[in-house]
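coords-v1.txt follows (compact mmCIF, C-alpha atoms):
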# COMPACT_ATOMS: atom_id res chain seq x y z
CA MET G 1 14.95 52.90 -18.80
CA ILE G 2 17.21 53.30 -21.85
CA VAL G 3 14.63 55.54 -23.52
CA ILE G 4 14.39 57.74 -20.41
CA ALA G 5 18.19 57.96 -20.14
CA LEU G 6 18.52 59.01 -23.79
CA TRP G 7 15.69 61.49 -23.36
CA ILE G 8 17.47 63.11 -20.37
CA LYS G 9 20.83 63.21 -22.20
CA GLY G 10 19.14 64.95 -25.14
CA ARG G 11 17.72 67.70 -22.92
CA SER G 12 20.46 68.56 -20.47
CA LYS G 13 24.17 68.45 -19.73
CA GLY G 14 25.53 65.78 -17.42
CA PRO G 15 24.80 62.13 -16.80
CA ALA G 16 21.29 60.67 -17.10
CA ILE G 17 21.67 58.85 -13.79
CA PHE G 18 23.08 60.45 -10.70
CA TRP G 19 24.23 58.77 -7.54
CA THR G 20 23.37 60.36 -4.25
CA ASP G 21 24.60 59.47 -0.78
CA ARG G 22 21.72 58.08 1.27
CA ILE G 23 21.33 56.58 4.70
CA GLY G 24 20.71 52.84 4.59
CA ARG G 25 20.15 50.06 7.09
CA ASN G 26 21.81 50.74 10.45
CA ASN G 27 22.61 54.30 9.27
CA VAL G 28 25.27 53.12 6.80
CA ILE G 29 25.73 55.46 3.83
CA PHE G 30 25.22 53.96 0.37
CA LYS G 31 24.98 55.34 -3.18
CA MET G 32 21.40 55.48 -4.47
CA ALA G 33 20.69 55.78 -8.19
CA LYS G 34 18.07 58.10 -9.65
CA PHE G 35 17.33 59.51 -13.06
CA ARG G 36 18.47 63.12 -13.02
CA THR G 37 15.52 65.53 -13.11
CA MET G 38 17.48 68.60 -12.04
CA ARG G 39 20.46 70.50 -13.37
CA ILE G 40 23.93 69.35 -12.34
CA ASP G 41 24.48 72.53 -10.27
CA THR G 42 21.51 71.82 -7.96
CA PRO G 43 22.37 71.84 -4.23
CA GLN G 44 22.14 68.42 -2.54
CA VAL G 45 19.33 69.12 -0.14
CA ALA G 46 15.82 67.71 0.11
CA THR G 47 13.59 69.34 -2.51
CA HIS G 48 11.09 70.53 0.11
CA LEU G 49 13.89 72.58 1.74
CA MET G 50 14.65 74.53 -1.46
CA GLU G 51 13.22 78.00 -1.84
CA ASN G 52 12.33 77.50 -5.52
CA PRO G 53 13.06 73.95 -6.71
CA GLN G 54 11.35 74.61 -10.06
CA GLN G 55 14.32 76.75 -11.13
CA TYR G 56 16.57 73.67 -11.09
CA LEU G 57 14.35 71.27 -13.05
CA ILE G 58 15.55 70.12 -16.46
CA PRO G 59 13.02 70.24 -19.31
CA GLY G 60 10.61 67.38 -18.64
CA GLY G 61 11.99 66.74 -15.15
CA GLU G 62 8.63 67.59 -13.61
CA ALA G 63 6.92 64.78 -15.57
CA LEU G 64 9.55 62.24 -14.54
CA ARG G 65 8.97 63.18 -10.90
CA LYS G 66 5.16 63.25 -11.13
CA TYR G 67 5.06 59.68 -12.39
CA SER G 68 8.02 58.57 -10.20
CA LEU G 69 9.97 57.48 -13.28
CA ASP G 70 13.07 59.08 -11.75
CA GLU G 71 13.00 56.25 -9.18
CA LEU G 72 13.42 53.38 -11.70
CA PRO G 73 17.24 53.14 -11.40
CA GLN G 74 16.73 52.19 -7.75
CA LEU G 75 15.97 48.70 -9.04
CA PHE G 76 19.77 48.39 -9.28
CA ASN G 77 19.98 49.23 -5.56
CA VAL G 78 17.40 46.52 -4.83
CA LEU G 79 19.43 43.97 -6.81
CA LYS G 80 22.58 45.05 -4.94
CA GLY G 81 20.83 44.65 -1.57
CA ASP G 82 21.08 48.29 -0.45
CA MET G 83 17.33 48.73 -0.81
CA SER G 84 14.13 46.70 -0.93
CA PHE G 85 10.88 47.35 -2.74
CA VAL G 86 9.13 48.35 0.50
CA GLY G 87 10.63 50.10 3.52
CA PRO G 88 11.23 53.63 4.77
CA ARG G 89 12.54 55.92 2.04
CA PRO G 90 16.30 56.41 2.46
CA ALA G 91 17.18 59.77 3.99
CA LEU G 92 19.68 62.10 2.35
CA PHE G 93 23.11 61.99 3.99
CA ASN G 94 22.49 65.47 5.44
CA GLN G 95 18.98 64.97 6.87
CA ASP G 96 20.29 64.70 10.42
CA ASP G 97 16.90 65.40 12.03
CA LEU G 98 15.21 62.56 10.12
CA VAL G 99 18.07 60.13 10.78
CA ALA G 100 18.16 60.97 14.51
CA LEU G 101 14.42 60.49 14.96
CA ARG G 102 14.40 57.23 12.98
CA THR G 103 17.31 55.97 15.11
CA LYS G 104 15.49 56.93 18.33
CA LYS G 105 12.40 54.98 17.17
CA GLY G 106 14.43 51.95 15.99
CA VAL G 107 13.49 52.40 12.34
CA HIS G 108 17.16 52.54 11.30
CA VAL G 109 17.34 48.72 11.43
CA LEU G 110 15.11 48.42 8.35
CA VAL G 111 16.40 48.19 4.79
CA PRO G 112 15.17 51.34 3.02
CA GLY G 113 12.63 50.92 0.24
CA ILE G 114 11.65 52.34 -3.11
CA THR G 115 8.26 52.92 -1.53
CA GLY G 116 6.94 52.76 1.98
CA TRP G 117 4.06 53.29 4.37
CA ALA G 118 4.87 57.00 4.70
CA GLN G 119 4.89 57.41 0.90
CA VAL G 120 1.37 56.07 0.52
CA ASN G 121 0.17 58.18 3.44
CA GLY G 122 1.37 61.57 2.30
CA ARG G 123 4.80 61.29 0.66
CA ASP G 124 6.34 64.76 0.29
CA ASP G 125 3.54 66.45 2.23
CA LEU G 126 4.43 64.90 5.60
CA PRO G 127 6.42 66.68 8.29
CA ILE G 128 9.35 64.60 9.57
CA PRO G 129 7.79 63.51 12.90
CA VAL G 130 4.68 62.24 11.09
CA LYS G 131 6.79 60.49 8.46
CA VAL G 132 8.77 58.73 11.20
CA SER G 133 5.57 57.68 12.97
CA PHE G 134 4.48 55.95 9.74
CA ASP G 135 7.95 54.36 9.48
CA GLU G 136 7.63 53.15 13.07
CA TYR G 137 4.18 51.71 12.33
CA TYR G 138 5.70 49.80 9.41
CA LEU G 139 8.52 48.51 11.63
CA LYS G 140 6.02 47.12 14.15
CA HIS G 141 3.47 45.74 11.66
CA ARG G 142 5.47 44.68 8.60
CA CYS G 143 4.32 41.55 6.90
CA PHE G 144 3.73 40.25 3.39
CA TRP G 145 0.17 41.61 3.28
CA LEU G 146 1.17 45.10 4.39
CA ASP G 147 3.95 45.12 1.78
CA LEU G 148 1.45 44.04 -0.88
CA ARG G 149 -0.96 46.78 0.22
CA ILE G 150 1.82 49.39 0.08
CA LEU G 151 2.84 48.28 -3.43
CA PHE G 152 -0.78 48.47 -4.62
CA LEU G 153 -1.32 51.89 -3.00
CA THR G 154 1.96 53.14 -4.48
CA ALA G 155 0.81 52.26 -8.00
CA TRP G 156 -2.53 53.98 -7.31
CA LYS G 157 -0.88 57.14 -5.93
CA VAL G 158 1.52 57.35 -8.88
CA VAL G 159 -1.35 57.10 -11.36
CA LYS G 160 -3.26 59.80 -9.44
CA LYS G 161 -0.07 61.90 -8.95
CA GLU G 162 -0.90 62.34 -5.27
CA GLY G 163 1.49 63.75 -2.68
CA VAL G 164 4.26 64.72 -5.10
CA ARG G 165 6.03 68.06 -4.96
CA HIS G 166 8.09 69.17 -7.91
Using structure tokens, write down the structure that the file contains.
Amino acid sequence: MIVIALWIKGRSKGPAIFWTDRIGRNNVIFKMAKFRTMRIDTPQVATHLMENPQQYLIPGGEALRKYSLDELPQLFNVLKGDMSFVGPRPALFNQDDLVALRTKKGVHVLVPGITGWAQVNGRDDLPIPVKVSFDEYYLKHRCFWLDLRILFLTAWKVVKKEGVRH
């Protein structure tokens, strides 16, 4: 993680790690850590909602995202208790449609995860209702074996670079 942080600092202005407001368990906002892959003037909206997200990437940011290395600082969030290894991905503070649908389905009671059932079933390619249906499935079927399966599938998807938008 130190090598990645130094690499980011050497290629762009601003901090190597940025903290973003995310929706946690019971819809409580918390600060989530990520390695910065975009310029400091990037709007805080979900990448898939940007017209041309490529214009905001720092040099090498695409590679960090493809291999999910930008997610490594979330281990601090796991240690703090704001996140777990497996659970629904935490929504951005301004993704009202996602938060509302998760609340309606009862998913908001789960601790968000670094990876989740929706991530291994489509990740960035899923529309919100489909993503929430995967989150709801996880809520109703979560167990040690499903978590283990999700962790294994996550590693496989990262190696294959599946389902990642830049």
For each of G:Lys131, G:Lys104, G:Lys140, G:Arg39, take the minimum atom-to-atom distance to Trp117 of chain G, counting all atoms listed in the file, then give the residue where this is smallest.
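Nearest candidate to Trp117 of chain G out of G:Lys131, G:Lys104, G:Lys140, G:Arg39: G:Lys131.
The shortest atom-to-atom distance to Tyr138 of chain G, with only C-alpha atoms taken into account, belongs to G:Leu110 out of G:Leu110, G:Val158, G:Leu6, G:Met1.
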Expected axis-aligned box over every listed atom of segment 105-124 of chain G, 4 Å added per side, centre plus edges in Å to one decimal, as lines of an AutoDock Vina configuration file:
center_x = 8.8
center_y = 56.5
center_z = 7.0
size_x = 25.2
size_y = 24.6
size_z = 28.3
Distance in Å - atom CA of Ile114 of chain G versus atom CA of Phe85 of chain G:
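According to the coordinates, atom CA of Ile114 of chain G and atom CA of Phe85 of chain G are separated by 5.1 Å.
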If we count only C-alpha atoms and set the cut-off at 12 Å, which residues sit around Trp19 of chain G, ignoring sequence neighbours fewer than 2 positions away in its own chain? Please answer as an NGL selection string.
:G and (15-17 or 21-22 or 29-36 or 40 or 44 or 70-71 or 73-74 or 76-77 or 92)
Need to verify the contact set: Asp135 of chain G, 8 Å, all atoms listed in the file, exclusion of same-chain residues closer than 5 positions in sequence. Can you return it as a PyMOL selection string?
chain G and resi 87-88+102+107+116-118
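Distances from G:Val111, G:Val86, G:Leu49, G:Leu57 to Pro127 of chain G were compared using all atoms listed in the file, and the smallest one belongs to G:Leu49.
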Test item: residues at most 7 Å from segment 58-64 of chain G, all atoms listed in the file, excluding those fewer than 6 positions along its chain, as an NGL selection string
:G and (11-12 or 37-39 or 70 or 166)
Restrict the selected residues to C-alpha atoms and save them as a PDB file, in the coordinates of the input.
ATOM      1  CA  ARG G  11      17.720  67.700 -22.920  1.00  0.00           C
ATOM      2  CA  SER G  12      20.460  68.560 -20.470  1.00  0.00           C
ATOM      3  CA  THR G  37      15.520  65.530 -13.110  1.00  0.00           C
ATOM      4  CA  MET G  38      17.480  68.600 -12.040  1.00  0.00           C
ATOM      5  CA  ARG G  39      20.460  70.500 -13.370  1.00  0.00           C
ATOM      6  CA  ASP G  70      13.070  59.080 -11.750  1.00  0.00           C
ATOM      7  CA  HIS G 166       8.090  69.170  -7.910  1.00  0.00           C
TER       8      HIS G 166
END
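With distances restricted to all atoms listed in the file, G:Pro112 is the closest residue to Val28 of chain G from G:Pro129, G:Gly122, G:Pro112, G:Pro53.
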My list of candidates is G:Ile23, G:Met50, G:Thr115, G:Val130. Which is closest to Asp82 of chain G when distances are computed with all atoms listed in the file?
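Among G:Ile23, G:Met50, G:Thr115, G:Val130, it is G:Ile23 that comes nearest to Asp82 of chain G.
Atom CA of Ala46 of chain G is found 23.2 Å from atom CA of Val159 of chain G.
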Test item: residues at most 10 Å from Ala155 of chain G, only C-alpha atoms, excluding those fewer than 4 positions along its chain, as a list of chain:residue names
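In the requested format, the answer is G:Tyr67, G:Ser68, G:Thr115, G:Val120, G:Ile150, G:Leu151, G:Val159, G:Lys160, G:Lys161.
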From G:Lys9, G:Arg25, G:Lys66, G:Lys105, residue lying nearest Glu136 of chain G [all atoms listed in the file]:
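Between G:Lys9, G:Arg25, G:Lys66, G:Lys105, the residue approaching Glu136 of chain G most closely is G:Lys105.
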For a test of reading the model, state the distance in Å between atom CA of His108 of chain G and atom CA of Leu153 of chain G, rounded to one decimal.
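Rounded to one decimal, the two atoms are 23.4 Å apart.
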